[in-house]
Every structure is written in structure tokens, then in C-alpha cells.
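Okay, structure first, notes after.
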Amino acid sequence: MAREKFIVTGMSCAACSARVERTVGALPGIKSVSVNLLKNSMDAVFDENVSDPGKISQAVEKAGYGARLASAGAATGAPAGAAEDEERVMRLRLTVSFIFTVPLFYLAMGHMFGWPIPGYLSDPRNMMAMGLLQFVLLIPVMAVNVRYYRSGFKALLGLGPNMDSLIAMGSAAAAAYGLWGLFLMAHGLSHGDAHLVHEAAMNLYFESGATILTLVTVGKFLEARARRRTTQAVASLLDLAPKTATVERDGREMTVPTKDVRVGDTLLVKAGETIAADGVCSGGAGAVDESNLTGESLPIDKAGGDKATGATVLLSGFLRVRVERTGEDTALAKIIRLVDEATSSKAPISRLADRISGVFVPIVIGIALLAFLCWLLLGQDLPFALNIAISILVISCPCALGLATPTAIMVGTGQGAKGGILFKSAEALELAHALEVIVLDKTGTVTTGRPEVTAIVPSGGFDPDGTLRLAASLEKLSEHPLGLAIVRKAAERNLALPDVEGFAQTPGEGLSGRVGPLEIRAGNARILQGLPDPDPALAAAGREAAENGATPIYVLAGRETAGLIAVSDRVKDSSPAAIAELKALGLEVAMITGDNARTAQAVSRLAGVDRVLAEVLPGDKEREIRNLQENGRRKVGMVGDGVNDAPALARADVGMAIGAGTDIAMETADVVLMRSDLLDVSTAIQLSRKVLRNIKQNLFWAFFYNLVGIPVAAGVFYGLWGLKLNPMIAAAAMSLSSVSVVTNALRLRFFKPARLSGPGLAASGPGAKPIGPDRSLAGAANSQEVSNMVKKLKIEGMTCGHCTARVEKILKGIKGVDKAKVDLKSGTAEVTLASELPDAALTQPVTDEGYPATVAG
């Protein structure tokens with residue numbers, strides 16, 4: 001199967017996009033097609049052995065529209081550029097239309113309002129000259145808006161009438177009736193029939209034709225301007241990439257265009273410059289602002305070996321970056337591609353509007369003809385019946401229906417991208433609002449993913465270093481986060497690790513291998529099964545470690561126990577607040593982990609999780625998600641970061657990948673959270689609910705407008721209250737409906753997530769304990785609520801924003817500190833404590849980093 005993006009020209013309303021979709025969807029070999037009216041784009045998935053882009057383009061052209069392939073680079077930039085071009089064209093058309101419509105309206109309607117008219121034209125003897133002048137003023141308005149006629153009548157002849165068909169028919173009918181009036185005036189003058197001349201002069205309708213076109217163009221101009229604003233999120237992402245980069249080649253420093261940067265180049269980045277491509281820091285150090293891509297407000301310290309992402313800004317210092325990815329492979333390009341694909345896709349809720357729009361215009365034409373004939377049969381004159389028909393045609397244009405969903409989707413997706421939340425499809429953006437259960441992976445999602453060794457309990461004649469040496473020799477061959485913590489601990493103690501032969505990994509149990517003739521194993525409690533004489537003290541130590549939130553890793557030497565190593569993974573600072581927010585939104589929160597039940601329960605108590613699925617083998621996570629879905633037919637979301645989370649992310653109704661996770665998890669998920677912060681899960685759900693509410697408002701008003709407008713325009717209430725619409729008022733109302741829909745969608749640009757967590761929303765899961773100052777797992781059992789205290793520190797040596805960010809980060813990292821706010825101008829920091837701390841616990845870590853600190857007053 002092949003997938004191609006097309007730029008489609010000539011579409012003006014939902015009927016157009018529906019016709020293009022039907023036409024292309026009927027072609028052989030087409031698997032799926034999605035047309036986006038707002039972006040004038042089409043995504044088609046097809047069997048390249050049956051169809052090809054040429055056949056698809058021909059089918060679209062045969063339907064009355066234009067289609068061409070969009071290149072990969074142009075596809076993402078097309079919406080912003082096309083919107084700007086459209087706005088310029090509409091501004092020109094509107095200016096010309098106003099220049100000629102205003103005097104035409106003045107001459108045609110001035111006598112009704114008592115406005116002064118030039119004597120020659122107000123003379124009854126010169127009514128023919130007055131009529132001809134009005135016709136001359138109408139011609140430029142029709143000429144500059146000829147697109148309505150070209151597109152409208154072409155679609156009408158192709159039996160696929162659209163919005164332009166309604167405008168073209170309405171304004172052309174007014175102009176044609178005006179020309180008939182001129183003919184009658186000429187006939188009356190030649191036969192001396194003054195009554196005929198006067199009657200024809202009062203019903204020329206030229207001003208109606210011009211005003212209809214002008215008011216519709218006003219709406220189109222405002223709509224085009226609003227469209228440009230909806231594409232600003234993608235446009236701002238495109239602008240993040242620098243135009244040039246400084247590279248080192250053959251020992252020489254040179255400046256080259258960013259597009260010429262190659263993999264393997266070394267970028268030289270100075271303070272204030274933007275990193276041009278993705279790579280790894282090979283030298284230097286500095287603070288990098290990544291807020292453009294991740295939404296993270298604090299700068300991130302980078303040094304040798306750290307990853308550097310293109311389009312981020314070096315605030316201070318100097319970096320040498322070895323380029324690993326360029327062009328379409330960079331993180332920025334992937335983000336732009338995700339946003340573009342999301343805004344090009346269709347939400348399920350839009351299908352109703354599409355189905356209605358496909359038959360709406362023919363029905364409106366039928367209603368207009370029926371009303372025209374009915375009023376003539378009821379005894380009304382031709383001008384009255386024509387007025388009714390034109391009003392129906394003009395007021396019923398289905399622009400609002402076509403814009404209701406894509407505008408909200410585009411603005412909502414853009415707002416998410418600004419905050420580091422990437423929705424990969426409109427369907428994911430819609431479905432997130434309906435989630436009832438959120439399942440969180442533990443390691444790296446709820447916890448930091450960087451465990452630390454908290455205890456070593458030797459056994460069987462081994463000392464702590466001996467136990468650690470055996471475990472680390474196995475774990476150095478594994479990439480498991482718990483194993484890396486053990487290897488780091490061994491490195492801290494400068495332990496020499498023996499070589500391991502026959503290394504093997506048993507999923508759900510642990511690792512095994514041989515050191516010389518001795519078989520060694522490291523893993524969870526399952527490896528103790530079958531031992532002839534298990535150490536009861538070691539099993540008790542394991543239970544105690546698990547109850548305190550640590551993961552016990554047992555070590556065996558042959559058939560004897562060599563000890564236990566407790567590894568603790570600290571809960572992220574934001575996790576308890578994020579989980580409290582999710583519950584405040586009405587969701588059930590569950591945690592899934594392969595860890596033992598006691599450790600998982602300790603995490604759940606600390607973080608406030610409702611339900612724990614522990615000791616789940618990697619291959620069974622998908623099954624657990626399916627069970628939750630089938631139990632009550634609920635919508636389930638999954639948040640994870642690892643390779644073993646990918647099947648579960650795919651099975652969930654909405655899979656959310658932590659941005660710092662693996663590529664496969666990010667590829668499988670429906671939503672990518674760039675900041676690796678659980679608070680963004682709540683933000684994503686809140687944004688989804690806002691977008692869906694906005695779409696429903698748009699669709700309601702679009703349908704309601706037509707349900708009310710068409711009967712009024714048809715004169716249904718004329719017999720009761722004398723109520724009917726002038727075509728000019730109908731044109732203004734139609735334009736207003738489209739503008740109101742787009743404007744309502746633009747309100748989403750001001751979306752701010754409500755931070756719902758607070759003192760009253762602490763952990764409340766089964767067996768949960770209040771969340772106290774200590775958020776490490778080792779302190780879970782003894783955590784307790786304390787009253788907050790505020791201390792003020794005097795800090796020296798701060799010279800820039802990087803310094804303040806660094807000091808603030810140090811203070812926030814001190815256990816027992818709830819909040820910290822640093823002020824560069826006054827050289828002070830205000831620290832809010834969650835527990836009593838000695839002054840030295842606050843001042844010493846800051847002083848050690850080169851910023852002498854003392855407690856003020």
C-alpha cells in the first residue's frame with residue numbers, strides 16, 4: 001500500500017470535500033481517503049498495483065477540482081503558505097468589490113433612505129441612464145469574483161453542486177433579472193410606456209447581485225484570516241530551524257546552510273545560537289532551552305555524551321555537537337510531520353457533517369425551486385418569488401458545516417504541540433475525552449526510571465561487595481534499569497567484575513550465567529523456588545524491602561543464596577499530583593508492572609493509584625489492557641515508555657508514550673508526551689474535552705442556523721408576521737455563520753489546563769497513605785502530612801538566568817523542599833518547606849555548586 005498527500009484546489013465548502021472524497025473513494029485500489037477543507041489537502045492510501053497518483057488526480061479534475069502531489073517538504077509548510085496567499089487574494093477581491101458595490105448600493109437604495117442623489121440621475125427622464133450605470137458598476141464586482149461562477153457552474157454541470165453553485169446561481173439570477181429589467185425599460189421608452197419604465201427601474205436587483213458577492217467575500221476574507229491564524233502552530237514550528245549552522249570540517253570552522261549539514265559533522269554552538277540538527281554533545285557544556293519542543297520551562301544542562309536536539313537554543317556556555325540526524329529524520333521534522341498528519345486526518349464526529357454536506361446543496365436547490373414555484377402559484381409576482389429563491393440559495397451555503405470540525409482540530413492540535421503534547425491523529429484527539437481508565441506503566445512513567453541501590457544484604461558467607469560483584473557481573477550484560485543501578489553501585493565501589501559466560505535472560509524471572517565453573521543467577525523471588533535450603537532471613541529482608549517500596553533482587557551462587565540487593569526507583573515529583581488530577585477528572589487510575597506485588601503496592605500508596613496490576617510478564621500487558629476494556633466495555637488509555645509497552649499501547653483505545661521512551665513506543669502510541677511528565681496526561685485529556693466541546697458547539701450552530709435560516713428565507717412565516725429575508729441580509733447571515741464557527745474554534749488558542757490537584761486531592765487509592773514530604777520509596781511507609789514553612793536565602797554569585805535556574809533546580813532537589821523561587825535581581829531565594837530542615841541542609845548544596853548561600857534574617 002502507498003500513501004500520498006495531494007493539494008486540492010477549487011474546494012469552497014463541505015459539499016466540495018465530500019464530492020472529492022466520494023470520487024476518489026470510488027476508484028479501484030483506494031483503501032482510504034481523507035480530504036481536509038481547511039488545508040485544501042487530501043491523504044490517499046491506495047494499492048500501487050491498481051491505482052496511482054495520476055489516476056487519482058485525473059478523477060479529482062474530472063469532478064471539477066484541481067489536484068497535484070504535495071512533496072514531503074512542502075506538505076508540512078503548505079497550510080501556512082496557502083493560508084497567507086489566500087488571505088492576500090481575498091483582500092484584493094474584497095477591496096475591488098467594496099469600491100464598486102458601495103456606490104452601486106448608494107444609487108440603487110439611496111432614494112429609499114432620503115440620501116441625496118445627483119440631479120441628473122434622480123430625474124425620472126434619465127432612469128435608463130441610472131440603470132445602465134448600475135449595471136456598469138456591477139460588472140467589475142462580478143469579474144473580480146468570477147471564481148464563484150467558474151467553480152459553481154462547473155460543479156453544477158458535473159452534477160455535484162457546491163457552495164459556489166449557490167452563490168453563482170443567486171447572484172447570476174439577480175443580474176439576469178436586472179438585465180431583463182433594462183430590456184423592459186428600453187422597450188417602455190421606445191413605446192412611450194412610462195409606467196413600464198418606472199416599474200422595471202424599481203426592480204433591477206443589480207445591487208443585490210453585487211452585495212451578495214461582496215458580503216460573501218467579506219466572510220471569505222475573515223475566514224481566510226482566521227485560517228491563517230489556525231496554521232500558526234505549524235508555521236512557528238517550521239521557523240524554529242535555523243537558516244545556517246557553524247560546522248567544523250577538516251579542522252576549519254565554516255558557516256553553511258542548515259540543509260547542507262551532514263551526518264558526522266561537528267556543530268559549533270555558541271551561547272544564544274540554535275542547534276541545527278540532532279546529535280550528541282562531544283565537547284563543551286552549557287544550558288539548553290528545550291521549551292520550543294517539549295514545553296519544559298527550565299533549561300537543561302548539557303555536557304559530553306548528552307543528547308542534543310535540533311531547534312533548541314543554547315542559553316549559556318559552548319557546545320560541540322556530533323550530528324547524527326538531519327533533515328526529515330530530526331526530532332523537529334518528526335514533530336512537524338505528526339502535527340501535519342493529525343490536522344489532515346478526520347475525527348469520527350466529522351462524518352455526520354460529511355454525510356449531510358454531500359446531499360445538502362442539491363436539496364437546497366430543490367427547496368429554492370419549489371419555493372419559487374409555490375409563491376408564483378400563490379399569486380405573488382415574479383420579483384417576490386425570485387427574492388425568495390435567491391435568499392434560500394444564499395443563506396444555505398454549507399461553509400460552516402465544513403469548517404466546524406477541521407478548524408477546532410487544527411487549533412487544538414497546535415495548542416497541544418506548543419505544550420509538548422503531540423496527537424498523531426484527530427481520532428486520538430477526540431477519543432481521549434471519553435477515557436474512563438488510565439493504566440500507567442511504573443518504571444520511567446510513575447517513577448523516575450533511574451533506580452538506586454538502597455541496601456545490600458549478604459548471605460551464604462558472602463560480604464556486601466561479594467554479593468554486589470556477582471550481581472553486577474550479570475547485570476552489566478543487561479539493559480534493565482534496575483540492573484544499571486547495580487552496575488553503577490559497583491562502579492562507585494571500584495569493584496572489578498568477573499567475565500560471565502553463557503549469559504541468558506529469562507523473562508519474568510531474571511538473569512543467569514557462569515563465572516568459571518560457578519553458575520550464578522540474579523532476579524526476583526521466582527529464582528528461589530526449588531532451592532534445597534532457602535535462607536529465611538533473606539526472604540524476610542526481601543519482604544521488608546518490598547514493603548518499603550524497593551525491589552529486592554536475589555543473588556544465587558550455584559544452589560546457595562549469595563544475598564539480596566534492594567533497588568529503589570523514586571516516584572517522580574509530579575506523579576502524585578498528576579494522578580490526583582486524573583482522578584479529579586473522573587478517571588480510574590491503574591498501574592501495571594512486572595515488579596513484585598509488595599513493591600507495586602508501596603508505589604501505589606505513595607502515588608495514589610487506585611488499582612495495581614503487579615507481576616505482569618512483558619507479553620501479558622496487552623492482555624491486561626484487553627481485559628479492562630472488555631470488563632464493562634470501558635475506554636482505556638495506556639501510558640508507557642518501554643519496548644514491552646508497545647503492544648499494550650497499541651491495544652489501548654488511546655496509547656500515550658512518554659517522550660523520553662523508546663522509538664517503538666512512540667511509533668505505536670497515539671499521543672506522544674515530549675516532557676515525560678504525567679501532568680501532561682491530564683492536560684491532554686482536558687484539551688481533548690475542550691476540543692470536542694468546541695466541535696459540538698460549532699456543529700450545533702451550523703445545523704441550527706440552517707434549520708432556522710432556510711424556513712425564514714423561504715417565507716414560511718410571511719403569512720403570519722410578514723417575515724422574509726432580503727438576499728443581501730441572507731448573504732450577510734451566511735458569511736457571519738462561517739466566521740462565527742472559525743472564531744469559536746480560535747478560542748482554543750487560549751486553552752490553559754486547570755491544575756486540579758491540591759491538598760484535598762492526595763493519594764486515595766486502596767490502602768493509600770497521605771503524601772508527605774518524602775517522595776522516595778524508602779520513605780513511603782513513614783510519610784506524613786506536615787505544615788509548610790517558608791525560609792528566605794541570600795545567594796551570591798548569580799549573574800544570569802542560567803544561574804537562577806541552576807540554583808532553583810538544586811533547591812527543588814533537596815528532600816523536604818516543596819517549592820523554591822529564585823530572584824536574580826535581589827539575589828535571594830524563597831523556599832517553601834514540606835518538613836522541618838536545618839539551615840545547612842538548604843545552604844550547603846547551593847554553596848557546593850559555587851553560589852555561596854546563607855539564611856536571611
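Please note that chains go A, B, ... in the order of the C-alpha cells, that every chain numbers its residues from 1, and that ligands are numbered from 1 in the order shown.
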
Let's see if you can do this: from backbone DSSP, list all strand (DSSP E or B) residues in range 176-370 of chain A, as a PyMOL selection string.
chain A and resi 244-249+252-257+266-270+274+278-289+300-302+307-308+313-325

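Taking only C-alpha atoms, the non-local environment of Leu137 in chain A within 9 Å (same-chain residues fewer than 2 positions away omitted) comprises Phe100, Thr101, Pro103, Leu104, Leu132, Leu133, Gln134, Phe135, Ile139, Pro140, Val141, Phe206 and Ala210 of chain A.
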
One number please: CA of Pro711 in chain A to CA of Ile392 in chain A, in Å, one decimal.
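CA of Pro711 in chain A sits 8.4 Å away from CA of Ile392 in chain A.
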
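Here CA of Ala70 in chain A is placed at a distance of 13.2 Å from CA of Ile56 in chain A.
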
A:Ala702, A:Met90, A:Met591, A:Val323 ranked by distance to Arg225 in chain A, top pick (using only C-alpha atoms)
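Of A:Ala702, A:Met90, A:Met591, A:Val323, the one nearest Arg225 in chain A, counting only C-alpha atoms, is A:Met90.
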
Just to confirm, what's the straight-line distance from CA of Leu440 in chain A to CA of Val639 in chain A in Å (one decimal)?
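Answer for the CA of Leu440 in chain A to CA of Val639 in chain A separation: 4.9 Å.
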
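Take the candidates A:Arg262, A:His433, A:Lys696, A:Arg125 and check each one against Ala194 in chain A using only C-alpha atoms; the shortest distance goes to A:Arg125.
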
What's around range 369-382 of chain A at 12 Å? Count only C-alpha atoms, leave out sequence neighbours fewer than 2 positions away in its own chain, and write the answer as JSON, numbers by chain.
{"A": [169, 170, 174, 177, 180, 181, 200, 203, 362, 363, 364, 365, 366, 367, 384, 385, 386, 387, 388, 389, 390, 391, 392, 393, 710, 711, 712, 713, 714, 715, 716, 718, 719]}

How about saving the chosen residues, N, CA, C and O atoms kept, as a CSV table (one decimal), in the first residue's frame?
chain,number,residue,atom,x,y,z
A,169,MET,N,-25.6,30.9,-8.6
A,169,MET,CA,-27.0,30.9,-9.1
A,169,MET,C,-27.7,32.1,-8.5
A,169,MET,O,-28.5,32.8,-9.2
A,170,GLY,N,-27.5,32.4,-7.2
A,170,GLY,CA,-28.2,33.6,-6.6
A,170,GLY,C,-27.8,34.9,-7.2
A,170,GLY,O,-28.7,35.7,-7.6
A,174,ALA,N,-30.0,37.4,-9.9
A,174,ALA,CA,-30.2,38.8,-9.7
A,174,ALA,C,-29.8,39.7,-10.8
A,174,ALA,O,-30.5,40.6,-11.3
A,177,TYR,N,-32.0,39.1,-13.9
A,177,TYR,CA,-33.3,39.7,-13.8
A,177,TYR,C,-33.1,41.3,-14.0
A,177,TYR,O,-34.0,41.9,-14.5
A,180,TRP,N,-33.0,41.9,-17.6
A,180,TRP,CA,-34.3,41.8,-18.2
A,180,TRP,C,-35.1,43.1,-17.9
A,180,TRP,O,-35.8,43.6,-18.7
A,181,GLY,N,-34.8,43.7,-16.7
A,181,GLY,CA,-35.4,45.0,-16.4
A,181,GLY,C,-34.9,46.1,-17.3
A,181,GLY,O,-35.7,46.9,-17.8
A,200,ALA,N,-40.0,48.7,-14.0
A,200,ALA,CA,-38.8,48.0,-14.2
A,200,ALA,C,-37.6,48.6,-13.5
A,200,ALA,O,-36.7,47.9,-13.0
A,203,ASN,N,-37.1,47.4,-9.9
A,203,ASN,CA,-36.8,46.0,-9.6
A,203,ASN,C,-35.6,45.5,-10.5
A,203,ASN,O,-35.6,44.5,-11.1
A,362,PRO,N,-27.8,19.9,-3.3
A,362,PRO,CA,-28.9,19.6,-4.2
A,362,PRO,C,-30.3,19.8,-3.5
A,362,PRO,O,-31.2,20.2,-4.2
A,363,ILE,N,-30.4,19.5,-2.2
A,363,ILE,CA,-31.7,19.6,-1.5
A,363,ILE,C,-32.0,21.1,-1.4
A,363,ILE,O,-33.2,21.5,-1.6
A,364,VAL,N,-31.0,22.0,-1.2
A,364,VAL,CA,-31.3,23.4,-1.1
A,364,VAL,C,-31.8,23.9,-2.4
A,364,VAL,O,-32.7,24.7,-2.5
A,365,ILE,N,-31.1,23.5,-3.5
A,365,ILE,CA,-31.5,24.0,-4.8
A,365,ILE,C,-33.0,23.5,-5.1
A,365,ILE,O,-33.8,24.3,-5.6
A,366,GLY,N,-33.3,22.3,-4.7
A,366,GLY,CA,-34.7,21.8,-4.9
A,366,GLY,C,-35.7,22.7,-4.0
A,366,GLY,O,-36.8,23.0,-4.5
A,367,ILE,N,-35.3,23.0,-2.8
A,367,ILE,CA,-36.2,23.8,-1.9
A,367,ILE,C,-36.4,25.2,-2.6
A,367,ILE,O,-37.5,25.8,-2.6
A,384,PHE,N,-41.0,39.0,-6.2
A,384,PHE,CA,-41.2,38.4,-4.9
A,384,PHE,C,-40.7,37.0,-4.8
A,384,PHE,O,-39.9,36.6,-4.0
A,385,ALA,N,-41.1,36.2,-5.8
A,385,ALA,CA,-40.7,34.8,-5.9
A,385,ALA,C,-39.2,34.6,-6.1
A,385,ALA,O,-38.5,33.8,-5.5
A,386,LEU,N,-38.7,35.5,-7.0
A,386,LEU,CA,-37.2,35.5,-7.2
A,386,LEU,C,-36.4,35.9,-6.0
A,386,LEU,O,-35.4,35.3,-5.7
A,387,ASN,N,-37.0,36.9,-5.2
A,387,ASN,CA,-36.3,37.3,-4.0
A,387,ASN,C,-36.2,36.1,-3.0
A,387,ASN,O,-35.2,35.9,-2.4
A,388,ILE,N,-37.3,35.4,-2.9
A,388,ILE,CA,-37.4,34.2,-2.0
A,388,ILE,C,-36.3,33.1,-2.5
A,388,ILE,O,-35.6,32.6,-1.6
A,389,ALA,N,-36.3,32.8,-3.7
A,389,ALA,CA,-35.4,31.8,-4.2
A,389,ALA,C,-33.9,32.2,-4.0
A,389,ALA,O,-33.1,31.3,-3.6
A,390,ILE,N,-33.6,33.4,-4.3
A,390,ILE,CA,-32.2,33.9,-4.2
A,390,ILE,C,-31.8,33.8,-2.7
A,390,ILE,O,-30.7,33.4,-2.3
A,391,SER,N,-32.7,34.3,-1.8
A,391,SER,CA,-32.4,34.2,-0.4
A,391,SER,C,-32.1,32.8,0.1
A,391,SER,O,-31.2,32.6,0.9
A,392,ILE,N,-32.9,31.9,-0.3
A,392,ILE,CA,-32.7,30.5,0.1
A,392,ILE,C,-31.3,30.0,-0.4
A,392,ILE,O,-30.6,29.4,0.4
A,393,LEU,N,-31.0,30.3,-1.7
A,393,LEU,CA,-29.7,29.8,-2.2
A,393,LEU,C,-28.6,30.4,-1.4
A,393,LEU,O,-27.6,29.7,-1.1
A,710,ILE,N,-33.3,28.6,6.6
A,710,ILE,CA,-34.0,28.2,5.4
A,710,ILE,C,-35.5,28.5,5.4
A,710,ILE,O,-36.1,29.1,4.5
A,711,PRO,N,-36.2,28.1,6.5
A,711,PRO,CA,-37.6,28.4,6.6
A,711,PRO,C,-37.9,29.9,6.5
A,711,PRO,O,-38.9,30.3,5.9
A,712,VAL,N,-37.1,30.7,7.2
A,712,VAL,CA,-37.3,32.2,7.2
A,712,VAL,C,-37.1,32.7,5.7
A,712,VAL,O,-37.9,33.5,5.2
A,713,ALA,N,-36.0,32.2,5.1
A,713,ALA,CA,-35.7,32.7,3.7
A,713,ALA,C,-36.8,32.2,2.7
A,713,ALA,O,-37.1,32.9,1.8
A,714,ALA,N,-37.4,31.1,3.0
A,714,ALA,CA,-38.5,30.5,2.1
A,714,ALA,C,-39.8,31.2,2.3
A,714,ALA,O,-40.7,31.0,1.5
A,715,GLY,N,-39.9,32.1,3.3
A,715,GLY,CA,-41.1,32.9,3.5
A,715,GLY,C,-42.2,32.1,4.3
A,715,GLY,O,-43.4,32.4,4.2
A,716,VAL,N,-41.8,31.0,5.0
A,716,VAL,CA,-42.7,30.2,5.8
A,716,VAL,C,-43.5,31.1,6.8
A,716,VAL,O,-44.7,30.9,7.0
A,718,TYR,N,-44.0,34.4,6.4
A,718,TYR,CA,-44.5,35.6,5.8
A,718,TYR,C,-46.0,35.8,6.0
A,718,TYR,O,-46.5,37.0,6.3
A,719,GLY,N,-46.8,34.7,5.9
A,719,GLY,CA,-48.2,34.9,6.1
A,719,GLY,C,-48.6,35.2,7.5
A,719,GLY,O,-49.6,35.8,7.7

So which residues of range 135-344 of chain A fall under alpha helix (DSSP H) by DSSP, listed as a ChimeraX atom specification?
/A:135-144,146-157,163-191,194-201,206-230,232-238,291-294,331-344

Arg322 in chain A environment, 10 Å, only C-alpha atoms, sequence neighbours closer than 3 positions dropped, as a CSV table (one decimal) with N, CA and C atoms, in the first residue's frame:
chain,number,residue,atom,x,y,z
A,247,VAL,N,29.9,24.7,11.3
A,247,VAL,CA,30.4,23.4,11.4
A,247,VAL,C,31.9,23.4,11.3
A,248,GLU,N,32.5,22.3,11.8
A,248,GLU,CA,34.0,22.2,11.7
A,248,GLU,C,34.3,21.0,10.8
A,262,ARG,N,25.6,17.6,7.3
A,262,ARG,CA,25.7,16.2,7.1
A,262,ARG,C,25.8,15.4,8.3
A,263,VAL,N,25.4,14.1,8.3
A,263,VAL,CA,25.6,13.3,9.4
A,263,VAL,C,27.1,13.1,9.6
A,264,GLY,N,27.6,13.2,10.8
A,264,GLY,CA,29.0,13.1,11.1
A,264,GLY,C,29.7,14.4,11.3
A,265,ASP,N,29.1,15.5,10.8
A,265,ASP,CA,29.6,16.9,11.0
A,265,ASP,C,29.7,17.2,12.5
A,266,THR,N,30.5,18.1,12.8
A,266,THR,CA,30.6,18.6,14.2
A,266,THR,C,30.1,20.1,14.2
A,267,LEU,N,29.0,20.3,14.9
A,267,LEU,CA,28.4,21.6,15.0
A,267,LEU,C,29.1,22.4,16.2
A,268,LEU,N,29.4,23.7,15.9
A,268,LEU,CA,30.0,24.5,17.0
A,268,LEU,C,28.9,25.5,17.4
A,277,ALA,N,20.8,20.6,14.2
A,277,ALA,CA,20.5,19.2,13.9
A,277,ALA,C,20.6,18.4,15.2
A,278,ASP,N,20.0,17.1,15.1
A,278,ASP,CA,20.1,16.2,16.3
A,278,ASP,C,21.5,15.6,16.3
A,279,GLY,N,22.0,15.4,17.6
A,279,GLY,CA,23.2,14.7,17.7
A,279,GLY,C,23.6,14.5,19.2
A,280,VAL,N,24.9,14.3,19.4
A,280,VAL,CA,25.4,14.0,20.7
A,280,VAL,C,26.5,15.0,21.0
A,281,CYS,N,26.5,15.6,22.3
A,281,CYS,CA,27.5,16.5,22.7
A,281,CYS,C,28.8,15.8,22.8
A,282,SER,N,29.8,16.3,22.0
A,282,SER,CA,31.1,15.7,22.0
A,282,SER,C,32.1,16.6,22.8
A,283,GLY,N,31.7,17.7,23.2
A,283,GLY,CA,32.6,18.6,24.0
A,283,GLY,C,31.9,19.8,24.4
A,305,GLY,N,28.5,13.6,25.9
A,305,GLY,CA,27.7,12.4,26.0
A,305,GLY,C,26.2,12.6,26.0
A,307,LYS,N,22.5,13.9,24.8
A,307,LYS,CA,21.9,14.1,23.5
A,307,LYS,C,21.5,15.6,23.3
A,308,ALA,N,21.7,16.1,22.1
A,308,ALA,CA,21.3,17.5,21.7
A,308,ALA,C,20.3,17.4,20.6
A,319,LEU,N,29.0,24.4,23.1
A,319,LEU,CA,28.8,23.0,22.8
A,319,LEU,C,29.4,22.6,21.4
A,325,ARG,N,21.5,13.0,13.1
A,325,ARG,CA,20.3,13.0,12.2
A,325,ARG,C,20.1,14.4,11.6

With only C-alpha atoms as the basis for distance, which of A:Trp115, A:Val636, A:Lys815, A:Val831 is at the shortest distance from Met789 in chain A?
A:Val831

Considering only C-alpha atoms, state which residue in the set A:Cys13, A:Ile212, A:Val671, A:Leu429 is at the smallest distance from Ala173 in chain A.
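Looking at the shortest contact to Ala173 in chain A, the residue is A:Ile212.
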
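Closest approach to Thr95 in chain A from the set A:Thr599, A:Ser459, A:Thr799, A:Thr217 is made by A:Thr217, with distances taken over only C-alpha atoms.
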
Using only C-alpha atoms, can you tell me which of A:Val571, A:Leu159, A:Val146, A:Met674 comes closest to Arg605 in chain A?
A:Val571
